[in-house]
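Undergrad: One structure coming up, written as structure tokens, with questions to follow.
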Amino acid sequence: MSLVSPFVTCSQVNNLQSSRSRLTQFVLPHPLKNKLPISHFSPNSITNPSSFSSISAILTKEQQEGGKTTQKSQTFSPSPTFNFKSYMLEKASSVNKALEEAVLLQEPFKIHESMRYSLLAGGKRVRPMLCIAACELVGGQESTAMPAACAVEMIHTMSLMHDDLPFMDNDDLRRGKPTNHKVFGEDVAVLAGDALLAYAFEHMAIGTKGVPSERIVRVIGELAKCIGSEGLVAGQVVDICSEGNSDVGLDLLEFIHIHKTAALLEGSVVLGAILGGANDQEVAKLRKFARCIGLLFQVVDDILDVTKSSQELGKTAGKDLLADKTTYPKLIGIDKSREFAEKLNREAQEQLAGFDPEKATPLIALANYIAYRDN
């Protein structure tokens, strides 16, 4: 089976029709130009209000530089009246409340304790916010998207729990706390992750209200595809098989990241768009937006892994280097990786042209958040 071909060119990617295309059919381009002066901020935990002062600082800086940047690279700045700090706090609070109510502490207590331990351990809640923001962009309501938003966070948490296991990445720290298997044991951690995966679909199917049944069926299929053997699992497997392989190039690295990381971010946005009533053209544009920020998320992760401490990240720093994994900094250097991150952010935001600018502001701000985060 060919893992990375056939691919299409950059111009072909930009001219894709609105019909759904498989992730394996293309990768995003790699023209590494335009020197990027990266700015930084430190949102340590989305559940900690004190961590948001630096988010305001980065948004202010982005807005001040927006005039020069927009003409040169077609990036966008959030509306001056949009308070990203308040938005993140409000949405995170809503998501955390919904997650708390979704997974109750009940018999058998051991498995539910393990599920809640990782699910409610904090985190940035980027995926649920993207789901909600996409739904609201096309005219939907937060309540419509919330079960799907919780579902993608459950699946994301499952992937972290399994990724941390000794036979995977063998990590001891996640979100500033001991990893699940360190607290509950490897056997329970595996089963708790399995339970979160199953419950994610149950919760979305049963909890989504006021939406035609065909939309619910469509988002169930979308989510299943983006995490299965053609999505997240595909990226994870190729990543494992590529450890210690000196022949890994940019195409294969991009395959890994588009599937392992970007697929679930893409699913988050597309689920919200479908539930909100987006037409096929709108879904296609938001899919491209999400794929760009999904790859952007991983490129930034690669940079942070070699530039930040474990305390700053809330997880073990430098583990990719120790595992001899191929990363963007390893292949092209930190400066070129930062340039690529800027290009992905710009391309993502270009997909939002044509949408209501006010309603698109949260997605613009979230793209910048992903690009300029410090953990």
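Residues in the structure tokens are numbered from 1 in each chain, the chains being A, B, ... in the order shown, and ligands are numbered from 1 in the order shown.
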Quick one: residues within 12 Å of Ser94 of chain A, only C-alpha atoms counted, chain neighbours fewer than 2 positions away excluded, as a list in words?
TA: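 Selected residues are Ile46, Thr47, Tyr87, Met88, Leu89, Glu90, Lys91, Ala92, Asn96, Lys97, Ala98, Leu99, Glu100, Glu101, Arg125, Pro128, Met129, Ile132, Glu142, Ser143, Ala145, Met146, Pro147, Ala149 and Cys150 of chain A.
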Undergrad: Print the selection's residues with C-alpha atoms to a file, as a short mmCIF file (atom, residue, chain, number, x, y, z; two decimals), in the first residue's frame.
TA:
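result_31.cif was written with the following content:
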data_model
loop_
_atom_site.label_atom_id
_atom_site.label_comp_id
_atom_site.auth_asym_id
_atom_site.auth_seq_id
_atom_site.Cartn_x
_atom_site.Cartn_y
_atom_site.Cartn_z
CA ILE A 46 -7.51 27.34 29.60
CA THR A 47 -9.12 26.76 32.97
CA TYR A 87 -14.31 34.23 24.49
CA MET A 88 -11.85 31.50 25.53
CA LEU A 89 -12.94 31.64 29.17
CA GLU A 90 -16.62 31.52 28.26
CA LYS A 91 -16.32 28.65 25.79
CA ALA A 92 -13.93 26.67 28.00
CA ASN A 96 -15.86 21.87 30.88
CA LYS A 97 -19.36 21.96 32.37
CA ALA A 98 -20.70 19.81 29.54
CA LEU A 99 -17.86 17.29 29.92
CA GLU A 100 -18.36 17.14 33.69
CA GLU A 101 -22.04 16.37 33.18
CA ARG A 125 -10.06 22.77 24.65
CA PRO A 128 -14.32 21.80 21.06
CA MET A 129 -13.94 25.54 20.52
CA ILE A 132 -18.53 25.45 18.25
CA GLU A 142 -23.47 26.50 20.65
CA SER A 143 -26.00 24.06 22.12
CA ALA A 145 -22.57 21.72 18.49
CA MET A 146 -21.85 20.97 22.16
CA PRO A 147 -22.36 17.16 22.08
CA ALA A 149 -17.58 19.30 20.72
CA CYS A 150 -17.51 17.04 23.77
#
Undergrad: Measuring between only C-alpha atoms, which one of A:Asp164, A:Asp187, A:Asp169, A:Asp280 shows the shortest distance to Glu243 of chain A?
TA: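 Closest to Glu243 of chain A, using only C-alpha atoms: A:Asp169.
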Undergrad: Using only C-alpha atoms, which of A:Ile216, A:Leu105, A:Ala121, A:Leu173 sits nearest Leu275 of chain A?
TA: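 Using only C-alpha atoms, the shortest distance to Leu275 of chain A belongs to A:Ile216.
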Undergrad: Compile the contact shell of Ile256 of chain A as a PDB file with all heavy atoms, in the first residue's frame: residues with an atom at most 7 Å away, counting only C-alpha atoms, same-chain residues fewer than 2 positions apart removed.
TA:
ATOM      1  N   GLY A 235      -1.919   7.907  10.930  1.00  0.00           N
ATOM      2  CA  GLY A 235      -0.779   8.747  11.293  1.00  0.00           C
ATOM      3  C   GLY A 235       0.021   8.178  12.438  1.00  0.00           C
ATOM      4  O   GLY A 235       1.261   8.225  12.436  1.00  0.00           O
ATOM      5  N   VAL A 238       2.120   5.050  11.171  1.00  0.00           N
ATOM      6  CA  VAL A 238       3.272   5.439  10.347  1.00  0.00           C
ATOM      7  C   VAL A 238       4.313   6.155  11.199  1.00  0.00           C
ATOM      8  O   VAL A 238       5.522   5.993  10.998  1.00  0.00           O
ATOM      9  CB  VAL A 238       2.818   6.317   9.164  1.00  0.00           C
ATOM     10  CG1 VAL A 238       4.019   6.772   8.341  1.00  0.00           C
ATOM     11  CG2 VAL A 238       1.855   5.543   8.270  1.00  0.00           C
ATOM     12  N   ASP A 239       3.857   6.921  12.191  1.00  0.00           N
ATOM     13  CA  ASP A 239       4.776   7.594  13.109  1.00  0.00           C
ATOM     14  C   ASP A 239       5.603   6.575  13.881  1.00  0.00           C
ATOM     15  O   ASP A 239       6.832   6.696  13.999  1.00  0.00           O
ATOM     16  CB  ASP A 239       3.973   8.473  14.068  1.00  0.00           C
ATOM     17  CG  ASP A 239       4.858   9.366  14.930  1.00  0.00           C
ATOM     18  OD1 ASP A 239       5.963   9.737  14.473  1.00  0.00           O
ATOM     19  OD2 ASP A 239       4.451   9.698  16.054  1.00  0.00           O
ATOM     20  N   LEU A 252       6.505  12.252   3.802  1.00  0.00           N
ATOM     21  CA  LEU A 252       6.072  11.268   4.785  1.00  0.00           C
ATOM     22  C   LEU A 252       5.782  11.935   6.126  1.00  0.00           C
ATOM     23  O   LEU A 252       4.811  11.591   6.815  1.00  0.00           O
ATOM     24  CB  LEU A 252       7.132  10.180   4.960  1.00  0.00           C
ATOM     25  CG  LEU A 252       6.742   9.010   5.884  1.00  0.00           C
ATOM     26  CD1 LEU A 252       5.462   8.340   5.399  1.00  0.00           C
ATOM     27  CD2 LEU A 252       7.875   7.994   5.976  1.00  0.00           C
ATOM     28  N   LEU A 253       6.597  12.918   6.497  1.00  0.00           N
ATOM     29  CA  LEU A 253       6.363  13.640   7.748  1.00  0.00           C
ATOM     30  C   LEU A 253       5.009  14.351   7.696  1.00  0.00           C
ATOM     31  O   LEU A 253       4.259  14.352   8.672  1.00  0.00           O
ATOM     32  CB  LEU A 253       7.485  14.654   7.989  1.00  0.00           C
ATOM     33  CG  LEU A 253       7.370  15.475   9.280  1.00  0.00           C
ATOM     34  CD1 LEU A 253       7.435  14.564  10.504  1.00  0.00           C
ATOM     35  CD2 LEU A 253       8.483  16.521   9.338  1.00  0.00           C
ATOM     36  N   GLU A 254       4.697  14.934   6.543  1.00  0.00           N
ATOM     37  CA  GLU A 254       3.422  15.618   6.405  1.00  0.00           C
ATOM     38  C   GLU A 254       2.259  14.634   6.450  1.00  0.00           C
ATOM     39  O   GLU A 254       1.204  14.933   7.025  1.00  0.00           O
ATOM     40  CB  GLU A 254       3.397  16.422   5.104  1.00  0.00           C
ATOM     41  CG  GLU A 254       2.221  17.383   5.032  1.00  0.00           C
ATOM     42  CD  GLU A 254       2.436  18.444   3.986  1.00  0.00           C
ATOM     43  OE1 GLU A 254       3.151  19.425   4.274  1.00  0.00           O
ATOM     44  OE2 GLU A 254       1.900  18.284   2.876  1.00  0.00           O
ATOM     45  N   ILE A 258      -0.665  15.224   9.110  1.00  0.00           N
ATOM     46  CA  ILE A 258      -2.017  15.460   8.609  1.00  0.00           C
ATOM     47  C   ILE A 258      -2.976  14.427   9.183  1.00  0.00           C
ATOM     48  O   ILE A 258      -4.128  14.737   9.499  1.00  0.00           O
ATOM     49  CB  ILE A 258      -2.041  15.434   7.064  1.00  0.00           C
ATOM     50  CG1 ILE A 258      -1.533  16.774   6.518  1.00  0.00           C
ATOM     51  CG2 ILE A 258      -3.447  15.173   6.534  1.00  0.00           C
ATOM     52  CD1 ILE A 258      -1.524  16.847   5.008  1.00  0.00           C
ATOM     53  N   HIS A 259      -2.498  13.204   9.356  1.00  0.00           N
ATOM     54  CA  HIS A 259      -3.367  12.156   9.872  1.00  0.00           C
ATOM     55  C   HIS A 259      -3.372  12.107  11.398  1.00  0.00           C
ATOM     56  O   HIS A 259      -4.447  12.069  12.010  1.00  0.00           O
ATOM     57  CB  HIS A 259      -2.930  10.805   9.300  1.00  0.00           C
ATOM     58  CG  HIS A 259      -3.196  10.677   7.834  1.00  0.00           C
ATOM     59  ND1 HIS A 259      -2.437  11.328   6.889  1.00  0.00           N
ATOM     60  CD2 HIS A 259      -4.153  10.005   7.155  1.00  0.00           C
ATOM     61  CE1 HIS A 259      -2.911  11.052   5.688  1.00  0.00           C
ATOM     62  NE2 HIS A 259      -3.947  10.244   5.820  1.00  0.00           N
ATOM     63  N   LYS A 260      -2.221  12.135  11.998  1.00  0.00           N
ATOM     64  CA  LYS A 260      -2.139  11.975  13.454  1.00  0.00           C
ATOM     65  C   LYS A 260      -2.711  13.170  14.209  1.00  0.00           C
ATOM     66  O   LYS A 260      -3.357  13.002  15.255  1.00  0.00           O
ATOM     67  CB  LYS A 260      -0.670  11.763  13.858  1.00  0.00           C
ATOM     68  CG  LYS A 260      -0.462  11.529  15.352  1.00  0.00           C
ATOM     69  CD  LYS A 260       1.003  11.316  15.670  1.00  0.00           C
ATOM     70  CE  LYS A 260       1.226  11.178  17.173  1.00  0.00           C
ATOM     71  NZ  LYS A 260       2.652  10.986  17.505  1.00  0.00           N
TER      72      LYS A 260
END
Undergrad: From segment 74-263 of chain A, collect each residue whose DSSP state is strand (DSSP E or B) and return the set as a list in words.
TA: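 Written out, the strand (DSSP E or B) residues of segment 74-263 of chain A are Leu173, Arg174, Lys177 and Pro178 of chain A.
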Undergrad: Using DSSP on the backbone coordinates, identify the residues of segment 192-288 of chain A assigned to helix (DSSP H, G or I); present them as a PDB file with C-alpha atoms, in the first residue's frame.
TA:
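Heads up, here's the output in part-v5.pdb:
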ATOM      1  CA  ALA A 192     -10.699   3.951  29.961  1.00  0.00           C
ATOM      2  CA  GLY A 193      -9.500   5.246  26.620  1.00  0.00           C
ATOM      3  CA  ASP A 194     -11.601   2.625  24.846  1.00  0.00           C
ATOM      4  CA  ALA A 195     -14.610   3.668  26.923  1.00  0.00           C
ATOM      5  CA  LEU A 196     -14.149   7.341  26.030  1.00  0.00           C
ATOM      6  CA  LEU A 197     -13.924   6.460  22.344  1.00  0.00           C
ATOM      7  CA  ALA A 198     -17.162   4.481  22.426  1.00  0.00           C
ATOM      8  CA  TYR A 199     -18.994   6.987  24.572  1.00  0.00           C
ATOM      9  CA  ALA A 200     -18.012   9.877  22.288  1.00  0.00           C
ATOM     10  CA  PHE A 201     -20.221   8.466  19.514  1.00  0.00           C
ATOM     11  CA  GLU A 202     -23.038   7.579  21.900  1.00  0.00           C
ATOM     12  CA  HIS A 203     -23.022  11.064  23.405  1.00  0.00           C
ATOM     13  CA  MET A 204     -23.033  12.785  20.019  1.00  0.00           C
ATOM     14  CA  ALA A 205     -25.762  10.563  18.603  1.00  0.00           C
ATOM     15  CA  ILE A 206     -28.085  10.843  21.595  1.00  0.00           C
ATOM     16  CA  GLY A 207     -27.253  14.334  22.836  1.00  0.00           C
ATOM     17  CA  SER A 213     -31.190  12.917  11.523  1.00  0.00           C
ATOM     18  CA  GLU A 214     -29.281  12.856   8.227  1.00  0.00           C
ATOM     19  CA  ARG A 215     -26.882  15.487   9.568  1.00  0.00           C
ATOM     20  CA  ILE A 216     -26.249  13.411  12.692  1.00  0.00           C
ATOM     21  CA  VAL A 217     -25.545  10.327  10.594  1.00  0.00           C
ATOM     22  CA  ARG A 218     -23.209  12.395   8.426  1.00  0.00           C
ATOM     23  CA  VAL A 219     -21.172  13.731  11.355  1.00  0.00           C
ATOM     24  CA  ILE A 220     -20.910  10.260  12.900  1.00  0.00           C
ATOM     25  CA  GLY A 221     -19.418   8.990   9.647  1.00  0.00           C
ATOM     26  CA  GLU A 222     -17.136  12.013   9.383  1.00  0.00           C
ATOM     27  CA  LEU A 223     -15.780  11.580  12.891  1.00  0.00           C
ATOM     28  CA  ALA A 224     -15.287   7.832  12.500  1.00  0.00           C
ATOM     29  CA  LYS A 225     -13.332   8.312   9.277  1.00  0.00           C
ATOM     30  CA  CYS A 226     -11.028  11.008  10.648  1.00  0.00           C
ATOM     31  CA  ILE A 227      -9.913   8.850  13.595  1.00  0.00           C
ATOM     32  CA  LEU A 232      -5.587   9.448  13.278  1.00  0.00           C
ATOM     33  CA  VAL A 233      -4.689   5.749  13.524  1.00  0.00           C
ATOM     34  CA  ALA A 234      -2.953   5.861  10.141  1.00  0.00           C
ATOM     35  CA  GLY A 235      -0.779   8.747  11.293  1.00  0.00           C
ATOM     36  CA  GLN A 236      -0.015   7.048  14.584  1.00  0.00           C
ATOM     37  CA  VAL A 237       1.036   3.788  12.943  1.00  0.00           C
ATOM     38  CA  VAL A 238       3.272   5.439  10.347  1.00  0.00           C
ATOM     39  CA  ASP A 239       4.776   7.594  13.109  1.00  0.00           C
ATOM     40  CA  ILE A 240       5.658   4.509  15.141  1.00  0.00           C
ATOM     41  CA  CYS A 241       7.103   2.711  12.131  1.00  0.00           C
ATOM     42  CA  SER A 242       9.180   5.774  11.232  1.00  0.00           C
ATOM     43  CA  LEU A 250       8.920  16.013   4.182  1.00  0.00           C
ATOM     44  CA  ASP A 251       6.189  14.143   2.303  1.00  0.00           C
ATOM     45  CA  LEU A 252       6.072  11.268   4.785  1.00  0.00           C
ATOM     46  CA  LEU A 253       6.363  13.640   7.748  1.00  0.00           C
ATOM     47  CA  GLU A 254       3.422  15.618   6.405  1.00  0.00           C
ATOM     48  CA  PHE A 255       1.407  12.426   5.953  1.00  0.00           C
ATOM     49  CA  ILE A 256       2.029  11.579   9.611  1.00  0.00           C
ATOM     50  CA  HIS A 257       0.991  14.995  10.896  1.00  0.00           C
ATOM     51  CA  ILE A 258      -2.017  15.460   8.609  1.00  0.00           C
ATOM     52  CA  HIS A 259      -3.367  12.156   9.872  1.00  0.00           C
ATOM     53  CA  LYS A 260      -2.139  11.975  13.454  1.00  0.00           C
ATOM     54  CA  THR A 261      -2.894  15.578  14.428  1.00  0.00           C
ATOM     55  CA  ALA A 262      -4.701  17.503  11.701  1.00  0.00           C
ATOM     56  CA  ALA A 263      -7.398  14.885  11.044  1.00  0.00           C
ATOM     57  CA  LEU A 264      -9.148  15.359  14.394  1.00  0.00           C
ATOM     58  CA  LEU A 265      -8.839  19.141  14.202  1.00  0.00           C
ATOM     59  CA  GLU A 266     -10.326  18.967  10.720  1.00  0.00           C
ATOM     60  CA  GLY A 267     -13.103  16.760  12.008  1.00  0.00           C
ATOM     61  CA  SER A 268     -13.841  19.221  14.813  1.00  0.00           C
ATOM     62  CA  VAL A 269     -14.416  22.065  12.376  1.00  0.00           C
ATOM     63  CA  VAL A 270     -16.301  20.017   9.793  1.00  0.00           C
ATOM     64  CA  LEU A 271     -18.623  18.514  12.415  1.00  0.00           C
ATOM     65  CA  GLY A 272     -19.550  21.975  13.639  1.00  0.00           C
ATOM     66  CA  ALA A 273     -20.098  23.245  10.098  1.00  0.00           C
ATOM     67  CA  ILE A 274     -22.355  20.329   9.131  1.00  0.00           C
ATOM     68  CA  LEU A 275     -24.408  20.564  12.324  1.00  0.00           C
ATOM     69  CA  ASP A 280     -21.121  21.815   0.563  1.00  0.00           C
ATOM     70  CA  GLN A 281     -19.037  24.782  -0.584  1.00  0.00           C
ATOM     71  CA  GLU A 282     -18.821  26.166   2.949  1.00  0.00           C
ATOM     72  CA  VAL A 283     -17.875  22.746   4.325  1.00  0.00           C
ATOM     73  CA  ALA A 284     -15.118  22.434   1.720  1.00  0.00           C
ATOM     74  CA  LYS A 285     -13.636  25.836   2.597  1.00  0.00           C
ATOM     75  CA  LEU A 286     -13.762  25.110   6.313  1.00  0.00           C
ATOM     76  CA  ARG A 287     -12.191  21.698   5.711  1.00  0.00           C
ATOM     77  CA  LYS A 288      -9.214  23.382   4.031  1.00  0.00           C
TER      78      LYS A 288
END
Undergrad: Could you check how far atom CA of Lys209 of chain A sits from atom CA of Glu153 of chain A, in Å to one decimal?
TA: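 Straight-line distance from atom CA of Lys209 of chain A to atom CA of Glu153 of chain A works out to 18.9 Å.
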Undergrad: Given the choices A:Arg291, A:Arg127, A:Lys359, A:Arg338, which gets closest to Ile303 of chain A if the distance is worked out from only C-alpha atoms?
TA: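 Result for the nearest residue to Ile303 of chain A: A:Arg338.
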Undergrad: Atom CA of Ser93 of chain A and atom CA of Leu137 of chain A, how far apart in Å?
TA: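 Calculated distance between atom CA of Leu137 of chain A and atom CA of Ser93 of chain A is 19.9 Å.
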Undergrad: Here is a test: counting only C-alpha atoms, which residue of A:Pro108, A:Ser86, A:Gly249, A:Gly228 is nearest to Ser159 of chain A?
TA: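 Using only C-alpha atoms, the shortest distance to Ser159 of chain A belongs to A:Gly228.
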